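File shown: coords39.cif. Contents: mmCIF, N, CA and C atoms.
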```cif
data_target
loop_
_atom_site.label_atom_id
_atom_site.label_comp_id
_atom_site.auth_asym_id
_atom_site.auth_seq_id
_atom_site.Cartn_x
_atom_site.Cartn_y
_atom_site.Cartn_z
N MET A 1 -32.62 -7.04 3.69
CA MET A 1 -32.39 -6.38 4.96
C MET A 1 -31.17 -5.46 4.82
N ALA A 2 -31.32 -4.25 5.24
CA ALA A 2 -30.26 -3.25 5.13
C ALA A 2 -29.29 -3.35 6.31
N MET A 3 -28.19 -2.66 6.16
CA MET A 3 -27.15 -2.64 7.19
C MET A 3 -26.94 -1.20 7.64
N VAL A 4 -26.71 -0.98 8.92
CA VAL A 4 -26.47 0.37 9.41
C VAL A 4 -24.97 0.66 9.41
N ALA A 5 -24.64 1.93 9.27
CA ALA A 5 -23.24 2.37 9.17
C ALA A 5 -22.41 1.93 10.38
N SER A 6 -23.00 1.97 11.56
CA SER A 6 -22.24 1.59 12.76
C SER A 6 -21.82 0.12 12.73
N ASP A 7 -22.62 -0.74 12.10
CA ASP A 7 -22.25 -2.16 11.99
C ASP A 7 -21.07 -2.33 11.04
N ILE A 8 -21.06 -1.57 9.95
CA ILE A 8 -19.94 -1.63 9.02
C ILE A 8 -18.65 -1.18 9.73
N GLU A 9 -18.76 -0.07 10.43
CA GLU A 9 -17.59 0.45 11.17
C GLU A 9 -17.10 -0.56 12.20
N ARG A 10 -18.01 -1.18 12.92
CA ARG A 10 -17.65 -2.17 13.95
C ARG A 10 -16.91 -3.35 13.33
N LEU A 11 -17.39 -3.86 12.21
CA LEU A 11 -16.74 -4.99 11.55
C LEU A 11 -15.34 -4.62 11.05
N ILE A 12 -15.20 -3.43 10.50
CA ILE A 12 -13.89 -2.99 10.02
C ILE A 12 -12.92 -2.83 11.18
N ARG A 13 -13.37 -2.19 12.25
CA ARG A 13 -12.50 -1.98 13.43
C ARG A 13 -12.12 -3.29 14.11
N ALA A 14 -12.99 -4.29 14.04
CA ALA A 14 -12.67 -5.60 14.63
C ALA A 14 -11.49 -6.23 13.90
N ARG A 15 -11.40 -6.02 12.59
CA ARG A 15 -10.33 -6.59 11.77
C ARG A 15 -9.11 -5.68 11.72
N ILE A 16 -9.34 -4.35 11.82
CA ILE A 16 -8.26 -3.35 11.71
C ILE A 16 -8.40 -2.39 12.90
N PRO A 17 -7.90 -2.80 14.07
CA PRO A 17 -8.12 -2.01 15.29
C PRO A 17 -7.58 -0.58 15.24
N ASP A 18 -6.54 -0.33 14.46
CA ASP A 18 -5.97 1.02 14.42
C ASP A 18 -6.62 1.92 13.36
N ALA A 19 -7.70 1.47 12.76
CA ALA A 19 -8.32 2.19 11.65
C ALA A 19 -9.11 3.41 12.11
N GLN A 20 -9.00 4.45 11.30
CA GLN A 20 -9.90 5.60 11.38
C GLN A 20 -10.93 5.34 10.28
N VAL A 21 -12.18 5.19 10.65
CA VAL A 21 -13.22 4.77 9.70
C VAL A 21 -14.29 5.84 9.59
N THR A 22 -14.60 6.21 8.35
CA THR A 22 -15.70 7.13 8.07
C THR A 22 -16.65 6.42 7.10
N ILE A 23 -17.91 6.35 7.48
CA ILE A 23 -18.91 5.67 6.65
C ILE A 23 -19.95 6.70 6.21
N GLN A 24 -20.29 6.65 4.94
CA GLN A 24 -21.31 7.55 4.39
C GLN A 24 -22.33 6.71 3.63
N ASP A 25 -23.61 6.90 3.96
CA ASP A 25 -24.69 6.22 3.25
C ASP A 25 -24.97 7.01 1.98
N LEU A 26 -24.66 6.44 0.84
CA LEU A 26 -24.74 7.16 -0.43
C LEU A 26 -26.15 7.33 -0.97
N ALA A 27 -27.02 6.38 -0.71
CA ALA A 27 -28.35 6.42 -1.30
C ALA A 27 -29.46 6.56 -0.26
N GLY A 28 -29.10 6.52 1.01
CA GLY A 28 -30.11 6.61 2.06
C GLY A 28 -30.93 5.35 2.23
N ASP A 29 -30.45 4.25 1.64
CA ASP A 29 -31.22 3.01 1.67
C ASP A 29 -30.58 1.92 2.53
N GLY A 30 -29.41 2.21 3.12
CA GLY A 30 -28.75 1.21 3.93
C GLY A 30 -28.08 0.10 3.14
N ASP A 31 -28.03 0.24 1.83
CA ASP A 31 -27.42 -0.77 0.97
C ASP A 31 -26.18 -0.27 0.23
N HIS A 32 -26.06 1.03 0.07
CA HIS A 32 -24.98 1.61 -0.73
C HIS A 32 -24.18 2.60 0.14
N TYR A 33 -22.95 2.22 0.44
CA TYR A 33 -22.13 3.02 1.33
C TYR A 33 -20.80 3.39 0.70
N LYS A 34 -20.20 4.43 1.25
CA LYS A 34 -18.82 4.78 0.96
C LYS A 34 -18.07 4.68 2.28
N ALA A 35 -16.95 3.98 2.27
CA ALA A 35 -16.12 3.85 3.46
C ALA A 35 -14.74 4.40 3.17
N THR A 36 -14.26 5.23 4.07
CA THR A 36 -12.88 5.69 4.03
C THR A 36 -12.20 5.07 5.24
N VAL A 37 -11.13 4.32 4.99
CA VAL A 37 -10.43 3.61 6.05
C VAL A 37 -8.96 3.98 5.99
N ILE A 38 -8.50 4.64 7.05
CA ILE A 38 -7.11 5.08 7.15
C ILE A 38 -6.48 4.32 8.31
N ALA A 39 -5.36 3.64 8.06
CA ALA A 39 -4.73 2.84 9.11
C ALA A 39 -3.22 2.78 8.93
N GLU A 40 -2.52 2.92 10.01
CA GLU A 40 -1.05 2.79 9.98
C GLU A 40 -0.67 1.38 9.55
N SER A 41 -1.49 0.40 9.90
CA SER A 41 -1.19 -0.99 9.55
C SER A 41 -1.24 -1.23 8.04
N PHE A 42 -1.76 -0.29 7.27
CA PHE A 42 -1.75 -0.38 5.81
C PHE A 42 -0.40 0.01 5.21
N ARG A 43 0.46 0.65 6.01
CA ARG A 43 1.74 1.12 5.48
C ARG A 43 2.53 -0.05 4.87
N GLY A 44 3.03 0.17 3.66
CA GLY A 44 3.81 -0.85 2.96
C GLY A 44 2.96 -1.81 2.14
N LYS A 45 1.64 -1.69 2.26
CA LYS A 45 0.76 -2.57 1.49
C LYS A 45 0.23 -1.81 0.28
N SER A 46 0.01 -2.55 -0.80
CA SER A 46 -0.55 -1.93 -2.00
C SER A 46 -2.01 -1.57 -1.75
N ARG A 47 -2.56 -0.73 -2.60
CA ARG A 47 -3.97 -0.35 -2.48
C ARG A 47 -4.85 -1.60 -2.59
N VAL A 48 -4.50 -2.52 -3.47
CA VAL A 48 -5.27 -3.76 -3.61
C VAL A 48 -5.23 -4.55 -2.30
N GLN A 49 -4.08 -4.67 -1.68
CA GLN A 49 -3.97 -5.39 -0.41
C GLN A 49 -4.80 -4.71 0.68
N GLN A 50 -4.76 -3.39 0.71
CA GLN A 50 -5.55 -2.64 1.70
C GLN A 50 -7.04 -2.93 1.52
N HIS A 51 -7.49 -2.90 0.28
CA HIS A 51 -8.90 -3.17 0.00
C HIS A 51 -9.27 -4.60 0.36
N GLN A 52 -8.37 -5.54 0.09
CA GLN A 52 -8.63 -6.94 0.42
C GLN A 52 -8.82 -7.11 1.93
N ILE A 53 -8.05 -6.40 2.72
CA ILE A 53 -8.16 -6.48 4.18
C ILE A 53 -9.54 -5.98 4.62
N VAL A 54 -9.97 -4.85 4.06
CA VAL A 54 -11.29 -4.31 4.42
C VAL A 54 -12.40 -5.24 3.96
N TYR A 55 -12.32 -5.70 2.73
CA TYR A 55 -13.37 -6.61 2.23
C TYR A 55 -13.40 -7.92 3.01
N ASP A 56 -12.24 -8.37 3.49
CA ASP A 56 -12.20 -9.57 4.32
C ASP A 56 -12.99 -9.35 5.61
N ALA A 57 -12.89 -8.15 6.15
CA ALA A 57 -13.63 -7.83 7.38
C ALA A 57 -15.14 -7.84 7.15
N LEU A 58 -15.55 -7.57 5.92
CA LEU A 58 -16.98 -7.44 5.61
C LEU A 58 -17.54 -8.61 4.81
N LYS A 59 -16.73 -9.62 4.54
CA LYS A 59 -17.13 -10.66 3.59
C LYS A 59 -18.43 -11.36 3.94
N ALA A 60 -18.74 -11.49 5.19
CA ALA A 60 -19.98 -12.17 5.57
C ALA A 60 -21.21 -11.36 5.18
N GLU A 61 -21.05 -10.05 5.03
CA GLU A 61 -22.20 -9.18 4.73
C GLU A 61 -22.27 -8.74 3.26
N MET A 62 -21.16 -8.82 2.54
CA MET A 62 -21.14 -8.35 1.15
C MET A 62 -22.07 -9.20 0.29
N GLY A 63 -22.86 -8.52 -0.52
CA GLY A 63 -23.80 -9.20 -1.40
C GLY A 63 -25.10 -9.57 -0.72
N GLY A 64 -25.14 -9.47 0.59
CA GLY A 64 -26.37 -9.75 1.33
C GLY A 64 -26.90 -8.46 1.90
N LYS A 65 -26.59 -8.20 3.17
CA LYS A 65 -27.03 -6.96 3.82
C LYS A 65 -26.37 -5.74 3.19
N LEU A 66 -25.13 -5.90 2.76
CA LEU A 66 -24.38 -4.78 2.18
C LEU A 66 -24.25 -5.02 0.68
N HIS A 67 -24.98 -4.24 -0.09
CA HIS A 67 -25.04 -4.45 -1.53
C HIS A 67 -23.85 -3.82 -2.25
N ALA A 68 -23.48 -2.59 -1.89
CA ALA A 68 -22.42 -1.89 -2.60
C ALA A 68 -21.60 -1.05 -1.64
N LEU A 69 -20.29 -1.06 -1.84
CA LEU A 69 -19.38 -0.30 -1.00
C LEU A 69 -18.31 0.36 -1.86
N ALA A 70 -18.31 1.67 -1.88
CA ALA A 70 -17.22 2.42 -2.52
C ALA A 70 -16.17 2.57 -1.44
N LEU A 71 -14.94 2.18 -1.75
CA LEU A 71 -13.91 2.09 -0.72
C LEU A 71 -12.72 2.95 -1.06
N GLN A 72 -12.27 3.72 -0.06
CA GLN A 72 -11.05 4.50 -0.18
C GLN A 72 -10.20 4.14 1.05
N THR A 73 -8.95 3.79 0.80
CA THR A 73 -8.05 3.41 1.89
C THR A 73 -6.76 4.20 1.80
N GLY A 74 -6.03 4.23 2.90
CA GLY A 74 -4.74 4.89 2.90
C GLY A 74 -4.09 4.84 4.27
N THR A 75 -2.94 5.50 4.37
CA THR A 75 -2.21 5.57 5.62
C THR A 75 -2.26 7.02 6.13
N PRO A 76 -2.09 7.19 7.45
CA PRO A 76 -2.12 8.55 8.02
C PRO A 76 -0.92 9.37 7.54
#
```
What does this structure look like when you write it as structure tokens?
Amino acid sequence: MAMVASDIERLIRARIPDAQVTIQDLAGDGDHYKATVIAESFRGKSRVQQHQIVYDALKAEMGGKLHALALQTGTP
């Protein structure tokens, strides 16, 4: 079962309310996405920590509905 981009965005925003989230479906199959997540709350955190926060928001779906996610994070 595939996942829609709006569900990914909703899950990320639930965990990171100040995030600016852009989701792109890379393959058109609902399984392979690119997410860009920009948040002030990432300030002072390493790139690894930023990615861990995003993956934590999506952990229930990773490997199931969401097969692959290319992730870019940063601060405004």
### Summary
Atom pair CA of Arg47 in chain A + CA of Ala5 in chain A, distance 22.7 Å
### Query
From the list A:Thr22, A:Gln52, A:Thr75, A:Ser6, which residue is nearest Glu40 in chain A when using all atoms listed in the file?
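With all atoms listed in the file as the atom set, the closest residue is A:Thr75.
Minimum distance to Asp56 in chain A across A:Ile12, A:Val37, A:Ala19, A:Ala27 (counting only N, CA and C atoms) occurs at A:Ile12.
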### Query
Ala68 in chain A: which residues within 12 Å, counting only C-alpha atoms, same-chain residues fewer than 6 positions away excluded, as a VMD selection string?
chain A and resid 2 to 3 8 24 to 27 29 to 35 55 58 to 59 61 to 62
Any chance you could export the current selection's N, CA and C atoms as a short mmCIF file (atom, residue, chain, number, x, y, z; two decimals), keeping the file's coordinate frame?
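Okay, this is what ended up in part-v3.cif:
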```cif
data_model
loop_
_atom_site.label_atom_id
_atom_site.label_comp_id
_atom_site.auth_asym_id
_atom_site.auth_seq_id
_atom_site.Cartn_x
_atom_site.Cartn_y
_atom_site.Cartn_z
N ALA A 2 -31.32 -4.25 5.24
CA ALA A 2 -30.26 -3.25 5.13
C ALA A 2 -29.29 -3.35 6.31
N MET A 3 -28.19 -2.66 6.16
CA MET A 3 -27.15 -2.64 7.19
C MET A 3 -26.94 -1.20 7.64
N ILE A 8 -21.06 -1.57 9.95
CA ILE A 8 -19.94 -1.63 9.02
C ILE A 8 -18.65 -1.18 9.73
N GLN A 24 -20.29 6.65 4.94
CA GLN A 24 -21.31 7.55 4.39
C GLN A 24 -22.33 6.71 3.63
N ASP A 25 -23.61 6.90 3.96
CA ASP A 25 -24.69 6.22 3.25
C ASP A 25 -24.97 7.01 1.98
N LEU A 26 -24.66 6.44 0.84
CA LEU A 26 -24.74 7.16 -0.43
C LEU A 26 -26.15 7.33 -0.97
N ALA A 27 -27.02 6.38 -0.71
CA ALA A 27 -28.35 6.42 -1.30
C ALA A 27 -29.46 6.56 -0.26
N ASP A 29 -30.45 4.25 1.64
CA ASP A 29 -31.22 3.01 1.67
C ASP A 29 -30.58 1.92 2.53
N GLY A 30 -29.41 2.21 3.12
CA GLY A 30 -28.75 1.21 3.93
C GLY A 30 -28.08 0.10 3.14
N ASP A 31 -28.03 0.24 1.83
CA ASP A 31 -27.42 -0.77 0.97
C ASP A 31 -26.18 -0.27 0.23
N HIS A 32 -26.06 1.03 0.07
CA HIS A 32 -24.98 1.61 -0.73
C HIS A 32 -24.18 2.60 0.14
N TYR A 33 -22.95 2.22 0.44
CA TYR A 33 -22.13 3.02 1.33
C TYR A 33 -20.80 3.39 0.70
N LYS A 34 -20.20 4.43 1.25
CA LYS A 34 -18.82 4.78 0.96
C LYS A 34 -18.07 4.68 2.28
N ALA A 35 -16.95 3.98 2.27
CA ALA A 35 -16.12 3.85 3.46
C ALA A 35 -14.74 4.40 3.17
N TYR A 55 -12.32 -5.70 2.73
CA TYR A 55 -13.37 -6.61 2.23
C TYR A 55 -13.40 -7.92 3.01
N LEU A 58 -15.55 -7.57 5.92
CA LEU A 58 -16.98 -7.44 5.61
C LEU A 58 -17.54 -8.61 4.81
N LYS A 59 -16.73 -9.62 4.54
CA LYS A 59 -17.13 -10.66 3.59
C LYS A 59 -18.43 -11.36 3.94
N GLU A 61 -21.05 -10.05 5.03
CA GLU A 61 -22.20 -9.18 4.73
C GLU A 61 -22.27 -8.74 3.26
N MET A 62 -21.16 -8.82 2.54
CA MET A 62 -21.14 -8.35 1.15
C MET A 62 -22.07 -9.20 0.29
#
```
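Every residue within 6.5 Å of the file position (0.2, 4.3, 7.9), judged by only N, CA and C atoms, is given as Ala39, Glu40, Ser41, Phe42, Arg43, Gly74, Thr75 and Pro76 of chain A.
Put simply, CA of Pro17 in chain A is 19.9 Å away from CA of Leu69 in chain A.
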Using all atoms of range 61-74 of chain A listed in the file and a margin of 4 Å per side, can you give the axis-aligned box centre and edge lengths in Å to one decimal, as AutoDock Vina command-line options?
```
--center_x -15.6 --center_y -2.6 --center_z 1.2 --size_x 30.9 --size_y 22.9 --size_z 15.6
```
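The interatomic distance for the pair CA of Ala70 in chain A and CA of Asp18 in chain A works out to 20.4 Å.
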